[in-house]
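Below you'll find the structure, written out as structure tokens, and then a few comments.
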Amino acid sequence: MNLLDELRELGVSVDEGVKRLGGNAAIYKKMLGTFLKMMKTYSFEPDYDNAAYDDITEKAHAIKGAAGNLSVTPLYDAYTEIVNLLRGGQPEEARDILVKILPVQEKILNAIESSVEKK
């Protein structure tokens with residue numbers, strides 16, 4: 001199975017993402033590689049400190065934006081909710097959403113990484 005089909009099965013709106021890039025699937029795949037690198041920098045674990053979550057909010061917002069631009073829908077939806085909850089002073093609820101999305105996130109990132117490694 002190719003990368004785009006695998007991502008579709010994981011809920012990524014691949015066709016929408018490709019369309020945003022002028023219909024160029026090669027550029028979309030390249031941007032997914034950039035997204036993977038960004039995620040390694042910005043990702044965070046659920047054990048963040050409730051007392052100081054400004055940094056976590058910024059990271060979640062960056063992930064939300066990048067995921068939205070590439071139509072990585074499951075991550076976009078989850079991180080939108082996480083950002084809203086953090087900004088609303090609900091870090092525990094945000095943590096619950098993060099715990100639920102991390103396995104999906106891992107599958108998406110592994111699919112992208114496997115494709116990048118094949119090149």
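Identifiers for the structure tokens are assigned positionally: chains receive A, B, ... in sequence, residues are indexed from 1 per chain, and ligands are indexed from 1 in the order shown.
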
Report the residues of chain A whose backbone DSSP state falls under helix (DSSP H, G or I), written as an mmCIF file with N, CA and C atoms, in the first residue's frame.
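out.cif, freshly written:
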```
data_model
loop_
_atom_site.group_PDB
_atom_site.id
_atom_site.type_symbol
_atom_site.label_atom_id
_atom_site.label_comp_id
_atom_site.auth_asym_id
_atom_site.auth_seq_id
_atom_site.Cartn_x
_atom_site.Cartn_y
_atom_site.Cartn_z
ATOM 1 N N LEU A 3 1.840 5.362 0.530
ATOM 2 C CA LEU A 3 1.686 6.274 1.664
ATOM 3 C C LEU A 3 0.327 6.957 1.672
ATOM 4 N N LEU A 4 -0.090 7.500 0.542
ATOM 5 C CA LEU A 4 -1.345 8.259 0.523
ATOM 6 C C LEU A 4 -2.537 7.369 0.838
ATOM 7 N N ASP A 5 -2.534 6.151 0.343
ATOM 8 C CA ASP A 5 -3.621 5.221 0.670
ATOM 9 C C ASP A 5 -3.604 4.852 2.152
ATOM 10 N N GLU A 6 -2.415 4.645 2.681
ATOM 11 C CA GLU A 6 -2.297 4.314 4.100
ATOM 12 C C GLU A 6 -2.809 5.470 4.967
ATOM 13 N N LEU A 7 -2.458 6.685 4.580
ATOM 14 C CA LEU A 7 -2.922 7.846 5.335
ATOM 15 C C LEU A 7 -4.438 7.997 5.230
ATOM 16 N N ARG A 8 -4.988 7.733 4.056
ATOM 17 C CA ARG A 8 -6.459 7.781 3.902
ATOM 18 C C ARG A 8 -7.127 6.816 4.885
ATOM 19 N N GLU A 9 -6.557 5.620 5.017
ATOM 20 C CA GLU A 9 -7.128 4.627 5.933
ATOM 21 C C GLU A 9 -7.040 5.092 7.397
ATOM 22 N N VAL A 14 -6.401 13.181 2.510
ATOM 23 C CA VAL A 14 -5.295 13.310 1.563
ATOM 24 C C VAL A 14 -5.693 14.126 0.342
ATOM 25 N N ASP A 15 -6.835 13.830 -0.239
ATOM 26 C CA ASP A 15 -7.241 14.521 -1.465
ATOM 27 C C ASP A 15 -7.385 16.022 -1.239
ATOM 28 N N GLU A 16 -7.916 16.393 -0.093
ATOM 29 C CA GLU A 16 -8.047 17.807 0.252
ATOM 30 C C GLU A 16 -6.666 18.439 0.420
ATOM 31 N N GLY A 17 -5.761 17.724 1.072
ATOM 32 C CA GLY A 17 -4.403 18.232 1.265
ATOM 33 C C GLY A 17 -3.663 18.419 -0.048
ATOM 34 N N VAL A 18 -3.797 17.461 -0.932
ATOM 35 C CA VAL A 18 -3.160 17.556 -2.252
ATOM 36 C C VAL A 18 -3.766 18.723 -3.028
ATOM 37 N N LYS A 19 -5.066 18.874 -2.935
ATOM 38 C CA LYS A 19 -5.750 19.972 -3.627
ATOM 39 C C LYS A 19 -5.227 21.326 -3.154
ATOM 40 N N ARG A 20 -4.971 21.456 -1.859
ATOM 41 C CA ARG A 20 -4.447 22.710 -1.303
ATOM 42 C C ARG A 20 -3.086 23.062 -1.890
ATOM 43 N N ALA A 25 0.772 15.880 -5.836
ATOM 44 C CA ALA A 25 0.973 14.865 -4.797
ATOM 45 C C ALA A 25 2.432 14.792 -4.358
ATOM 46 N N ALA A 26 3.371 15.063 -5.258
ATOM 47 C CA ALA A 26 4.791 15.014 -4.896
ATOM 48 C C ALA A 26 5.121 16.092 -3.866
ATOM 49 N N ILE A 27 4.582 17.285 -4.058
ATOM 50 C CA ILE A 27 4.806 18.355 -3.083
ATOM 51 C C ILE A 27 4.142 17.996 -1.755
ATOM 52 N N TYR A 28 2.956 17.404 -1.830
ATOM 53 C CA TYR A 28 2.254 16.997 -0.611
ATOM 54 C C TYR A 28 3.109 16.011 0.183
ATOM 55 N N LYS A 29 3.672 15.031 -0.496
ATOM 56 C CA LYS A 29 4.518 14.048 0.187
ATOM 57 C C LYS A 29 5.746 14.728 0.796
ATOM 58 N N LYS A 30 6.317 15.677 0.075
ATOM 59 C CA LYS A 30 7.475 16.408 0.599
ATOM 60 C C LYS A 30 7.085 17.190 1.856
ATOM 61 N N MET A 31 5.916 17.814 1.814
ATOM 62 C CA MET A 31 5.436 18.567 2.966
ATOM 63 C C MET A 31 5.143 17.646 4.152
ATOM 64 N N LEU A 32 4.709 16.423 3.881
ATOM 65 C CA LEU A 32 4.500 15.454 4.962
ATOM 66 C C LEU A 32 5.828 15.142 5.653
ATOM 67 N N GLY A 33 6.912 15.082 4.876
ATOM 68 C CA GLY A 33 8.237 14.879 5.466
ATOM 69 C C GLY A 33 8.618 16.030 6.377
ATOM 70 N N THR A 34 8.296 17.251 5.955
ATOM 71 C CA THR A 34 8.542 18.436 6.777
ATOM 72 C C THR A 34 7.684 18.386 8.041
ATOM 73 N N PHE A 35 6.439 17.948 7.881
ATOM 74 C CA PHE A 35 5.527 17.800 9.021
ATOM 75 C C PHE A 35 6.106 16.802 10.029
ATOM 76 N N LEU A 36 6.646 15.707 9.540
ATOM 77 C CA LEU A 36 7.251 14.694 10.408
ATOM 78 C C LEU A 36 8.380 15.309 11.231
ATOM 79 N N LYS A 37 9.245 16.076 10.593
ATOM 80 C CA LYS A 37 10.354 16.732 11.305
ATOM 81 C C LYS A 37 9.815 17.695 12.366
ATOM 82 N N MET A 38 8.791 18.455 12.009
ATOM 83 C CA MET A 38 8.197 19.397 12.947
ATOM 84 C C MET A 38 7.613 18.663 14.157
ATOM 85 N N MET A 39 6.955 17.552 13.895
ATOM 86 C CA MET A 39 6.330 16.793 14.981
ATOM 87 C C MET A 39 7.367 16.266 15.962
ATOM 88 N N LYS A 40 8.540 15.944 15.479
ATOM 89 C CA LYS A 40 9.594 15.475 16.384
ATOM 90 C C LYS A 40 10.038 16.594 17.318
ATOM 91 N N THR A 41 9.916 17.827 16.869
ATOM 92 C CA THR A 41 10.295 18.978 17.676
ATOM 93 C C THR A 41 9.174 19.413 18.613
ATOM 94 N N TYR A 42 7.940 19.374 18.122
ATOM 95 C CA TYR A 42 6.820 19.957 18.862
ATOM 96 C C TYR A 42 5.989 18.963 19.665
ATOM 97 N N ASP A 54 1.754 26.952 29.214
ATOM 98 C CA ASP A 54 1.832 27.900 28.101
ATOM 99 C C ASP A 54 2.629 27.314 26.941
ATOM 100 N N ASP A 55 3.770 26.680 27.253
ATOM 101 C CA ASP A 55 4.602 26.066 26.214
ATOM 102 C C ASP A 55 3.846 24.947 25.501
ATOM 103 N N ILE A 56 3.111 24.165 26.271
ATOM 104 C CA ILE A 56 2.327 23.075 25.692
ATOM 105 C C ILE A 56 1.235 23.641 24.791
ATOM 106 N N THR A 57 0.613 24.715 25.200
ATOM 107 C CA THR A 57 -0.425 25.349 24.382
ATOM 108 C C THR A 57 0.161 25.821 23.055
ATOM 109 N N GLU A 58 1.349 26.424 23.101
ATOM 110 C CA GLU A 58 2.002 26.882 21.871
ATOM 111 C C GLU A 58 2.345 25.714 20.961
ATOM 112 N N LYS A 59 2.868 24.642 21.526
ATOM 113 C CA LYS A 59 3.197 23.456 20.726
ATOM 114 C C LYS A 59 1.934 22.859 20.108
ATOM 115 N N ALA A 60 0.882 22.737 20.899
ATOM 116 C CA ALA A 60 -0.380 22.182 20.393
ATOM 117 C C ALA A 60 -0.932 23.060 19.269
ATOM 118 N N HIS A 61 -0.805 24.368 19.416
ATOM 119 C CA HIS A 61 -1.288 25.290 18.392
ATOM 120 C C HIS A 61 -0.479 25.130 17.101
ATOM 121 N N ALA A 62 0.827 24.964 17.209
ATOM 122 C CA ALA A 62 1.675 24.754 16.029
ATOM 123 C C ALA A 62 1.311 23.449 15.318
ATOM 124 N N ILE A 63 1.089 22.391 16.088
ATOM 125 C CA ILE A 63 0.702 21.105 15.509
ATOM 126 C C ILE A 63 -0.655 21.232 14.823
ATOM 127 N N LYS A 64 -1.579 21.880 15.481
ATOM 128 C CA LYS A 64 -2.911 22.100 14.912
ATOM 129 C C LYS A 64 -2.801 22.793 13.553
ATOM 130 N N GLY A 65 -2.028 23.856 13.486
ATOM 131 C CA GLY A 65 -1.892 24.601 12.238
ATOM 132 C C GLY A 65 -1.270 23.784 11.127
ATOM 133 N N ALA A 66 -0.187 23.098 11.438
ATOM 134 C CA ALA A 66 0.482 22.280 10.419
ATOM 135 C C ALA A 66 -0.410 21.130 9.957
ATOM 136 N N ALA A 67 -1.079 20.490 10.903
ATOM 137 C CA ALA A 67 -1.979 19.387 10.555
ATOM 138 C C ALA A 67 -3.138 19.887 9.703
ATOM 139 N N GLY A 68 -3.643 21.058 10.038
ATOM 140 C CA GLY A 68 -4.739 21.633 9.259
ATOM 141 C C GLY A 68 -4.319 21.964 7.846
ATOM 142 N N ASN A 69 -3.128 22.539 7.682
ATOM 143 C CA ASN A 69 -2.644 22.899 6.359
ATOM 144 C C ASN A 69 -2.502 21.689 5.444
ATOM 145 N N THR A 73 -6.447 15.349 9.239
ATOM 146 C CA THR A 73 -7.689 15.618 9.948
ATOM 147 C C THR A 73 -7.741 15.087 11.377
ATOM 148 N N PRO A 74 -7.362 13.834 11.637
ATOM 149 C CA PRO A 74 -7.461 13.363 13.026
ATOM 150 C C PRO A 74 -6.625 14.205 13.995
ATOM 151 N N LEU A 75 -5.437 14.587 13.566
ATOM 152 C CA LEU A 75 -4.582 15.401 14.439
ATOM 153 C C LEU A 75 -5.104 16.823 14.527
ATOM 154 N N TYR A 76 -5.538 17.366 13.414
ATOM 155 C CA TYR A 76 -6.087 18.723 13.430
ATOM 156 C C TYR A 76 -7.265 18.813 14.401
ATOM 157 N N ASP A 77 -8.200 17.876 14.290
ATOM 158 C CA ASP A 77 -9.383 17.897 15.155
ATOM 159 C C ASP A 77 -9.001 17.772 16.634
ATOM 160 N N ALA A 78 -8.114 16.832 16.931
ATOM 161 C CA ALA A 78 -7.721 16.606 18.326
ATOM 162 C C ALA A 78 -6.973 17.803 18.898
ATOM 163 N N TYR A 79 -6.016 18.327 18.138
ATOM 164 C CA TYR A 79 -5.228 19.444 18.660
ATOM 165 C C TYR A 79 -6.027 20.738 18.720
ATOM 166 N N THR A 80 -7.032 20.876 17.880
ATOM 167 C CA THR A 80 -7.937 22.022 18.001
ATOM 168 C C THR A 80 -8.630 21.965 19.355
ATOM 169 N N GLU A 81 -9.111 20.781 19.690
ATOM 170 C CA GLU A 81 -9.782 20.600 20.976
ATOM 171 C C GLU A 81 -8.810 20.785 22.144
ATOM 172 N N ILE A 82 -7.599 20.264 22.003
ATOM 173 C CA ILE A 82 -6.595 20.401 23.062
ATOM 174 C C ILE A 82 -6.278 21.878 23.306
ATOM 175 N N VAL A 83 -6.052 22.630 22.230
ATOM 176 C CA VAL A 83 -5.748 24.058 22.367
ATOM 177 C C VAL A 83 -6.905 24.777 23.059
ATOM 178 N N ASN A 84 -8.126 24.510 22.623
ATOM 179 C CA ASN A 84 -9.284 25.171 23.231
ATOM 180 C C ASN A 84 -9.412 24.846 24.714
ATOM 181 N N LEU A 85 -9.172 23.596 25.067
ATOM 182 C CA LEU A 85 -9.259 23.200 26.475
ATOM 183 C C LEU A 85 -8.150 23.834 27.304
ATOM 184 N N LEU A 86 -6.944 23.846 26.774
ATOM 185 C CA LEU A 86 -5.835 24.470 27.509
ATOM 186 C C LEU A 86 -6.083 25.956 27.704
ATOM 187 N N ARG A 87 -6.527 26.613 26.658
ATOM 188 C CA ARG A 87 -6.813 28.049 26.770
ATOM 189 C C ARG A 87 -7.981 28.317 27.708
ATOM 190 N N PRO A 91 -6.652 21.726 31.693
ATOM 191 C CA PRO A 91 -5.532 20.875 31.272
ATOM 192 C C PRO A 91 -5.797 19.380 31.411
ATOM 193 N N GLU A 92 -6.582 18.982 32.396
ATOM 194 C CA GLU A 92 -6.872 17.547 32.567
ATOM 195 C C GLU A 92 -7.698 17.008 31.389
ATOM 196 N N GLU A 93 -8.671 17.789 30.961
ATOM 197 C CA GLU A 93 -9.495 17.385 29.824
ATOM 198 C C GLU A 93 -8.646 17.348 28.547
ATOM 199 N N ALA A 94 -7.738 18.327 28.412
ATOM 200 C CA ALA A 94 -6.826 18.353 27.266
ATOM 201 C C ALA A 94 -5.933 17.115 27.267
ATOM 202 N N ARG A 95 -5.485 16.745 28.460
ATOM 203 C CA ARG A 95 -4.640 15.550 28.601
ATOM 204 C C ARG A 95 -5.393 14.304 28.134
ATOM 205 N N ASP A 96 -6.669 14.209 28.476
ATOM 206 C CA ASP A 96 -7.473 13.052 28.062
ATOM 207 C C ASP A 96 -7.544 12.943 26.537
ATOM 208 N N ILE A 97 -7.718 14.070 25.865
ATOM 209 C CA ILE A 97 -7.767 14.071 24.396
ATOM 210 C C ILE A 97 -6.404 13.667 23.838
ATOM 211 N N LEU A 98 -5.341 14.178 24.428
ATOM 212 C CA LEU A 98 -3.995 13.841 23.980
ATOM 213 C C LEU A 98 -3.737 12.345 24.101
ATOM 214 N N VAL A 99 -4.124 11.766 25.221
ATOM 215 C CA VAL A 99 -3.936 10.328 25.432
ATOM 216 C C VAL A 99 -4.662 9.535 24.351
ATOM 217 N N LYS A 100 -5.840 9.980 23.958
ATOM 218 C CA LYS A 100 -6.620 9.276 22.933
ATOM 219 C C LYS A 100 -6.013 9.419 21.543
ATOM 220 N N ILE A 101 -5.417 10.584 21.228
ATOM 221 C CA ILE A 101 -4.918 10.813 19.874
ATOM 222 C C ILE A 101 -3.499 10.276 19.676
ATOM 223 N N LEU A 102 -2.735 10.103 20.721
ATOM 224 C CA LEU A 102 -1.343 9.680 20.554
ATOM 225 C C LEU A 102 -1.168 8.377 19.764
ATOM 226 N N PRO A 103 -1.981 7.335 19.985
ATOM 227 C CA PRO A 103 -1.804 6.125 19.168
ATOM 228 C C PRO A 103 -2.061 6.379 17.673
ATOM 229 N N VAL A 104 -3.057 7.190 17.365
ATOM 230 C CA VAL A 104 -3.355 7.535 15.968
ATOM 231 C C VAL A 104 -2.208 8.371 15.403
ATOM 232 N N GLN A 105 -1.748 9.324 16.188
ATOM 233 C CA GLN A 105 -0.636 10.173 15.776
ATOM 234 C C GLN A 105 0.586 9.322 15.453
ATOM 235 N N GLU A 106 0.869 8.362 16.307
ATOM 236 C CA GLU A 106 2.013 7.486 16.099
ATOM 237 C C GLU A 106 1.883 6.705 14.793
ATOM 238 N N LYS A 107 0.701 6.196 14.501
ATOM 239 C CA LYS A 107 0.483 5.459 13.252
ATOM 240 C C LYS A 107 0.700 6.355 12.037
ATOM 241 N N ILE A 108 0.179 7.571 12.098
ATOM 242 C CA ILE A 108 0.326 8.508 10.987
ATOM 243 C C ILE A 108 1.802 8.851 10.783
ATOM 244 N N LEU A 109 2.490 9.177 11.858
ATOM 245 C CA LEU A 109 3.898 9.548 11.755
ATOM 246 C C LEU A 109 4.756 8.368 11.316
ATOM 247 N N ASN A 110 4.441 7.166 11.770
ATOM 248 C CA ASN A 110 5.178 5.979 11.340
ATOM 249 C C ASN A 110 4.991 5.719 9.850
ATOM 250 N N ALA A 111 3.779 5.936 9.363
ATOM 251 C CA ALA A 111 3.524 5.747 7.930
ATOM 252 C C ALA A 111 4.355 6.736 7.113
ATOM 253 N N ILE A 112 4.379 7.977 7.549
ATOM 254 C CA ILE A 112 5.161 9.001 6.847
ATOM 255 C C ILE A 112 6.642 8.671 6.926
ATOM 256 N N GLU A 113 7.108 8.305 8.112
ATOM 257 C CA GLU A 113 8.520 7.992 8.292
ATOM 258 C C GLU A 113 8.940 6.799 7.447
ATOM 259 N N SER A 114 8.099 5.783 7.369
ATOM 260 C CA SER A 114 8.415 4.607 6.537
ATOM 261 C C SER A 114 8.554 5.002 5.082
ATOM 262 N N SER A 115 7.723 5.891 4.632
ATOM 263 C CA SER A 115 7.773 6.344 3.246
ATOM 264 C C SER A 115 9.023 7.175 2.988
ATOM 265 N N VAL A 116 9.400 8.011 3.940
ATOM 266 C CA VAL A 116 10.591 8.856 3.801
ATOM 267 C C VAL A 116 11.843 7.984 3.777
ATOM 268 N N GLU A 117 11.865 6.932 4.593
ATOM 269 C CA GLU A 117 13.030 6.041 4.668
ATOM 270 C C GLU A 117 13.227 5.263 3.374
ATOM 271 N N LYS A 118 12.157 4.980 2.639
ATOM 272 C CA LYS A 118 12.246 4.206 1.395
ATOM 273 C C LYS A 118 12.922 4.992 0.289
#
```

**Asked** What is the atom CA of Leu70 of chain A-atom CA of Gly23 of chain A distance in Å, reported with one decimal?
**Response**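 Those two atoms sit 12.3 Å apart.
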
A straight line from atom CA of Gly11 of chain A to atom CA of Pro46 of chain A spans 22.5 Å

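Here atom CA of Gln90 of chain A is placed at a distance of 19.1 Å from atom CA of Ser43 of chain A.
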